[in-house]
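*Asks:* The structure that follows is given in the form of structure tokens.
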Amino acid sequence: MRKTVATTNAPAAIGPYAQANVIGNLVFTSGQLGMIPETGELAEGLEAQTRQVFANLKAVLEEAGSGLDKIVKTTCFMADMKDFAAMNAIYAEYFDGEFPSRSAVQVAALPKGGLLEIEAVAYIGE
């Protein structure tokens with residue numbers, strides 16, 4: 001059975017999709033931009049957007065009963081791959097050495113002019 005996840009602690013969906021879905025003990029998040037939930041505006045610059053992406057992912061995962069420490073796979077969509085090293089350095093701060101599997105790709109554009117979007121798959125439980 002599927003459970004839809006929604007929290008006001010992350011930006012509301014800007015289209016016909018859920019912030020996340022839970023199937024069994026797995027959480028599948030939609031891509032999170034570096035949008036500030038209270039304003040709907042993007043944080044300024046890549047570093048701030050990367051940190052906001054993780055704040056948004058954290059909020060969605062916690063609403064689902066999971067957390068950043070339970071992420072097993074991420075996909076990072078970047079507007080410009082030249083930002084990879086800066087994103088990667090911040091990304092590493094959010095994990096304790098047990099890194100999830102990851103793909104990182106450059107895309108032609110992201111919603112609202114975002115510089116980065118990350119989606120995740122995480123588990124619930126121990």
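Labels for the structure tokens follow display order: chains A, B, ..., residues from 1 in each chain, ligands from 1.
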Find the residues around range 44-49 of chain A up to 9 Å (only C-alpha atoms counted), leave out those fewer than 3 positions away in its own chain, and share them as a PyMOL selection string.

*Replies:* chain A and resi 33-36+52-54+83+86-87+90+114-117

*Asks:* For range 55-67 of chain A, find every residue with an atom within 6 Å (counting only C-alpha atoms), except residues of its own chain fewer than 6 positions away, and show them as a CSV table (one decimal) with all heavy atoms, in the first residue's frame.

*Replies:*
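File written: out01.csv
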```csv
chain,number,residue,atom,x,y,z
A,9,ASN,N,7.0,21.8,6.3
A,9,ASN,CA,8.4,22.1,6.6
A,9,ASN,C,9.3,22.0,5.4
A,9,ASN,O,10.5,22.2,5.5
A,9,ASN,CB,8.9,21.2,7.7
A,9,ASN,CG,8.2,21.5,9.0
A,9,ASN,OD1,7.9,22.6,9.3
A,9,ASN,ND2,7.9,20.4,9.7
A,10,ALA,N,8.7,21.7,4.2
A,10,ALA,CA,9.5,21.7,3.0
A,10,ALA,C,8.5,22.4,1.9
A,10,ALA,O,7.3,22.5,2.2
A,10,ALA,CB,9.8,20.3,2.5
A,124,ILE,N,12.8,3.2,6.1
A,124,ILE,CA,12.2,3.5,7.4
A,124,ILE,C,12.6,2.3,8.3
A,124,ILE,O,12.5,1.1,7.9
A,124,ILE,CB,10.7,3.6,7.3
A,124,ILE,CG1,10.3,4.8,6.4
A,124,ILE,CG2,10.1,3.8,8.7
A,124,ILE,CD1,8.8,4.9,6.1
```

*Asks:* Could I get the residues of range 61-126 of chain A with an atom no further than 7 Å from an atom of range 22-29 of chain A, each paired with its nearest atom pair and that distance in Å to one decimal, using only C-alpha atoms, sorted by chain and residue number, as a tab-separated table?

*Replies:*
```
residue	atom	partner	partner_atom	distance
A:Glu119	CA	A:Thr29	CA	5.6
A:Ala120	CA	A:Thr29	CA	5.3
A:Val121	CA	A:Phe28	CA	4.7
A:Ala122	CA	A:Val27	CA	5.1
A:Tyr123	CA	A:Leu26	CA	4.4
A:Ile124	CA	A:Asn25	CA	5.0
```

*Asks:* With only C-alpha atoms as the counted atoms, please give the residues lying no more than 12 Å from Gly15 in chain A, apart from itself and same-chain residues fewer than 4 positions off, as an NGL selection string.

*Replies:* :A and (11 or 19 or 30-31 or 111)

*Asks:* Could you pull out all residues of chain A with a DSSP call of strand (DSSP E or B) and give them as a PyMOL selection string?

*Replies:* chain A and resi 2-5+20-23+26-29+32-33+35+42+71-78+101-106+116-123

*Asks:* Please produce a file of the residues just selected, as a compact mmCIF listing (two decimals), in the first residue's frame, where the atoms kept are N, CA, C and O atoms.

*Replies:*
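Here's the written file selection_29.txt:
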```txt
# COMPACT_ATOMS: atom_id res chain seq x y z
N ARG A 2 0.47 2.25 -0.72
CA ARG A 2 1.22 3.50 -0.84
C ARG A 2 0.67 4.55 0.10
O ARG A 2 -0.53 4.71 0.24
N LYS A 3 1.59 5.30 0.72
CA LYS A 3 1.22 6.43 1.57
C LYS A 3 1.90 7.68 1.00
O LYS A 3 3.09 7.68 0.73
N THR A 4 1.11 8.72 0.79
CA THR A 4 1.65 9.98 0.30
C THR A 4 2.13 10.82 1.49
O THR A 4 1.47 10.88 2.51
N VAL A 5 3.28 11.44 1.31
CA VAL A 5 3.89 12.25 2.37
C VAL A 5 3.77 13.72 2.00
O VAL A 5 4.05 14.11 0.86
N ALA A 20 6.72 13.07 -1.37
CA ALA A 20 7.30 11.72 -1.29
C ALA A 20 6.17 10.70 -1.23
O ALA A 20 5.02 11.04 -0.93
N ASN A 21 6.54 9.48 -1.51
CA ASN A 21 5.64 8.34 -1.35
C ASN A 21 6.37 7.26 -0.57
O ASN A 21 7.58 7.05 -0.77
N VAL A 22 5.63 6.58 0.30
CA VAL A 22 6.16 5.46 1.06
C VAL A 22 5.52 4.19 0.50
O VAL A 22 4.30 4.10 0.38
N ILE A 23 6.38 3.24 0.17
CA ILE A 23 5.94 1.92 -0.27
C ILE A 23 6.69 0.93 0.62
O ILE A 23 7.91 0.87 0.59
N LEU A 26 10.20 1.74 2.25
CA LEU A 26 10.99 2.64 1.42
C LEU A 26 10.28 3.96 1.19
O LEU A 26 9.06 4.00 0.97
N VAL A 27 11.06 5.03 1.22
CA VAL A 27 10.56 6.38 0.94
C VAL A 27 11.20 6.85 -0.36
O VAL A 27 12.43 6.82 -0.49
N PHE A 28 10.38 7.30 -1.28
CA PHE A 28 10.85 7.84 -2.56
C PHE A 28 10.48 9.32 -2.57
O PHE A 28 9.30 9.67 -2.66
N THR A 29 11.48 10.19 -2.48
CA THR A 29 11.17 11.62 -2.48
C THR A 29 11.14 12.15 -3.90
O THR A 29 11.82 11.64 -4.79
N GLN A 32 14.05 17.80 -4.64
CA GLN A 32 13.94 19.00 -3.83
C GLN A 32 14.89 20.06 -4.37
O GLN A 32 16.08 19.80 -4.57
N LEU A 33 14.34 21.24 -4.58
CA LEU A 33 15.13 22.40 -4.97
C LEU A 33 15.60 23.11 -3.71
O LEU A 33 15.15 22.80 -2.61
N MET A 35 14.63 25.70 -2.40
CA MET A 35 13.60 26.69 -2.10
C MET A 35 13.35 26.77 -0.60
O MET A 35 13.27 25.75 0.07
N LEU A 42 14.09 30.75 -4.02
CA LEU A 42 15.33 29.99 -3.96
C LEU A 42 16.33 30.70 -3.06
O LEU A 42 16.41 31.94 -3.04
N ILE A 71 19.19 7.39 3.93
CA ILE A 71 19.19 7.50 2.46
C ILE A 71 20.12 6.43 1.89
O ILE A 71 21.25 6.27 2.33
N VAL A 72 19.61 5.72 0.88
CA VAL A 72 20.42 4.69 0.21
C VAL A 72 20.77 5.08 -1.23
O VAL A 72 21.70 4.51 -1.80
N LYS A 73 20.06 6.05 -1.80
CA LYS A 73 20.32 6.45 -3.19
C LYS A 73 19.88 7.88 -3.40
O LYS A 73 18.81 8.29 -2.93
N THR A 74 20.71 8.66 -4.05
CA THR A 74 20.32 10.01 -4.46
C THR A 74 20.59 10.18 -5.95
O THR A 74 21.45 9.51 -6.52
N THR A 75 19.84 11.09 -6.52
CA THR A 75 20.12 11.57 -7.86
C THR A 75 20.21 13.07 -7.77
O THR A 75 19.29 13.72 -7.26
N CYS A 76 21.34 13.61 -8.23
CA CYS A 76 21.59 15.06 -8.19
C CYS A 76 21.50 15.60 -9.61
O CYS A 76 22.20 15.13 -10.50
N PHE A 77 20.61 16.56 -9.78
CA PHE A 77 20.44 17.22 -11.07
C PHE A 77 21.05 18.61 -10.92
O PHE A 77 20.65 19.38 -10.06
N MET A 78 22.02 18.93 -11.77
CA MET A 78 22.73 20.19 -11.66
C MET A 78 22.56 21.01 -12.94
O MET A 78 22.63 20.47 -14.04
N SER A 101 24.40 5.44 -2.58
CA SER A 101 24.69 5.39 -4.01
C SER A 101 24.23 6.72 -4.60
O SER A 101 23.32 7.35 -4.06
N ARG A 102 24.84 7.14 -5.69
CA ARG A 102 24.48 8.45 -6.23
C ARG A 102 24.73 8.52 -7.73
O ARG A 102 25.67 7.96 -8.24
N SER A 103 23.87 9.27 -8.39
CA SER A 103 24.09 9.69 -9.77
C SER A 103 24.07 11.20 -9.76
O SER A 103 23.33 11.81 -8.97
N ALA A 104 24.86 11.82 -10.61
CA ALA A 104 24.87 13.28 -10.73
C ALA A 104 24.92 13.61 -12.22
O ALA A 104 25.80 13.12 -12.92
N VAL A 105 23.97 14.41 -12.65
CA VAL A 105 23.89 14.76 -14.06
C VAL A 105 23.65 16.25 -14.23
O VAL A 105 23.07 16.90 -13.37
N GLN A 106 24.12 16.77 -15.34
CA GLN A 106 23.82 18.15 -15.71
C GLN A 106 22.57 18.12 -16.57
O GLN A 106 22.41 17.27 -17.45
N LEU A 116 20.35 23.38 -8.44
CA LEU A 116 20.51 22.01 -7.99
C LEU A 116 19.17 21.45 -7.55
O LEU A 116 18.36 22.16 -6.94
N GLU A 117 18.94 20.19 -7.85
CA GLU A 117 17.78 19.47 -7.36
C GLU A 117 18.25 18.07 -7.00
O GLU A 117 19.04 17.47 -7.73
N ILE A 118 17.83 17.57 -5.84
CA ILE A 118 18.22 16.22 -5.41
C ILE A 118 16.97 15.45 -5.01
O ILE A 118 16.13 15.97 -4.28
N GLU A 119 16.89 14.22 -5.50
CA GLU A 119 15.85 13.29 -5.07
C GLU A 119 16.53 12.15 -4.33
O GLU A 119 17.73 11.90 -4.54
N ALA A 120 15.78 11.47 -3.47
CA ALA A 120 16.39 10.42 -2.65
C ALA A 120 15.45 9.24 -2.48
O ALA A 120 14.23 9.37 -2.56
N VAL A 121 16.06 8.10 -2.22
CA VAL A 121 15.37 6.90 -1.78
C VAL A 121 15.97 6.56 -0.41
O VAL A 121 17.19 6.52 -0.25
N ALA A 122 15.10 6.39 0.58
CA ALA A 122 15.55 6.07 1.93
C ALA A 122 14.69 4.96 2.49
O ALA A 122 13.65 4.62 1.92
N TYR A 123 15.11 4.42 3.61
CA TYR A 123 14.32 3.38 4.26
C TYR A 123 13.79 3.87 5.60
O TYR A 123 14.29 4.85 6.15
```

*Asks:* Counting only C-alpha atoms, figure out which residue out of A:Lys112, A:Ala79, A:Glu98, A:Leu68 gets nearest to Glu41 in chain A.

*Replies:*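 Among the listed residues, the smallest separation from Glu41 in chain A belongs to A:Lys112.
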
*Asks:* So which one's closest to Thr50 in chain A, A:Ala85, A:Pro100, A:Ala6, A:Ala13? Using only C-alpha atoms, please.

*Replies:*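 Using only C-alpha atoms, the shortest distance to Thr50 in chain A belongs to A:Ala85.
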
*Asks:* Can you measure CA of Thr7 in chain A to CA of Glu38 in chain A for me? One decimal in Å is fine.

*Replies:*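 Atom-to-atom, CA of Thr7 in chain A and CA of Glu38 in chain A are spaced 12.1 Å apart.
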
*Asks:* Would you mind reading off the distance between CA of Ala108 in chain A and CA of Glu93 in chain A, one decimal, in Å?

*Replies:*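 CA of Glu93 in chain A lies 26.9 Å from CA of Ala108 in chain A.
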
*Asks:* Check the DSSP output for the backbone and give back, as a ChimeraX atom specification, the residues of range 13-84 of chain A in helix (DSSP H, G or I).

*Replies:* /A:45-63,68-70,81-84

*Asks:* Rounded to one decimal in Å, what is the spacing between CA of Leu110 in chain A and CA of Phe84 in chain A?

*Replies:* 15.5 Å
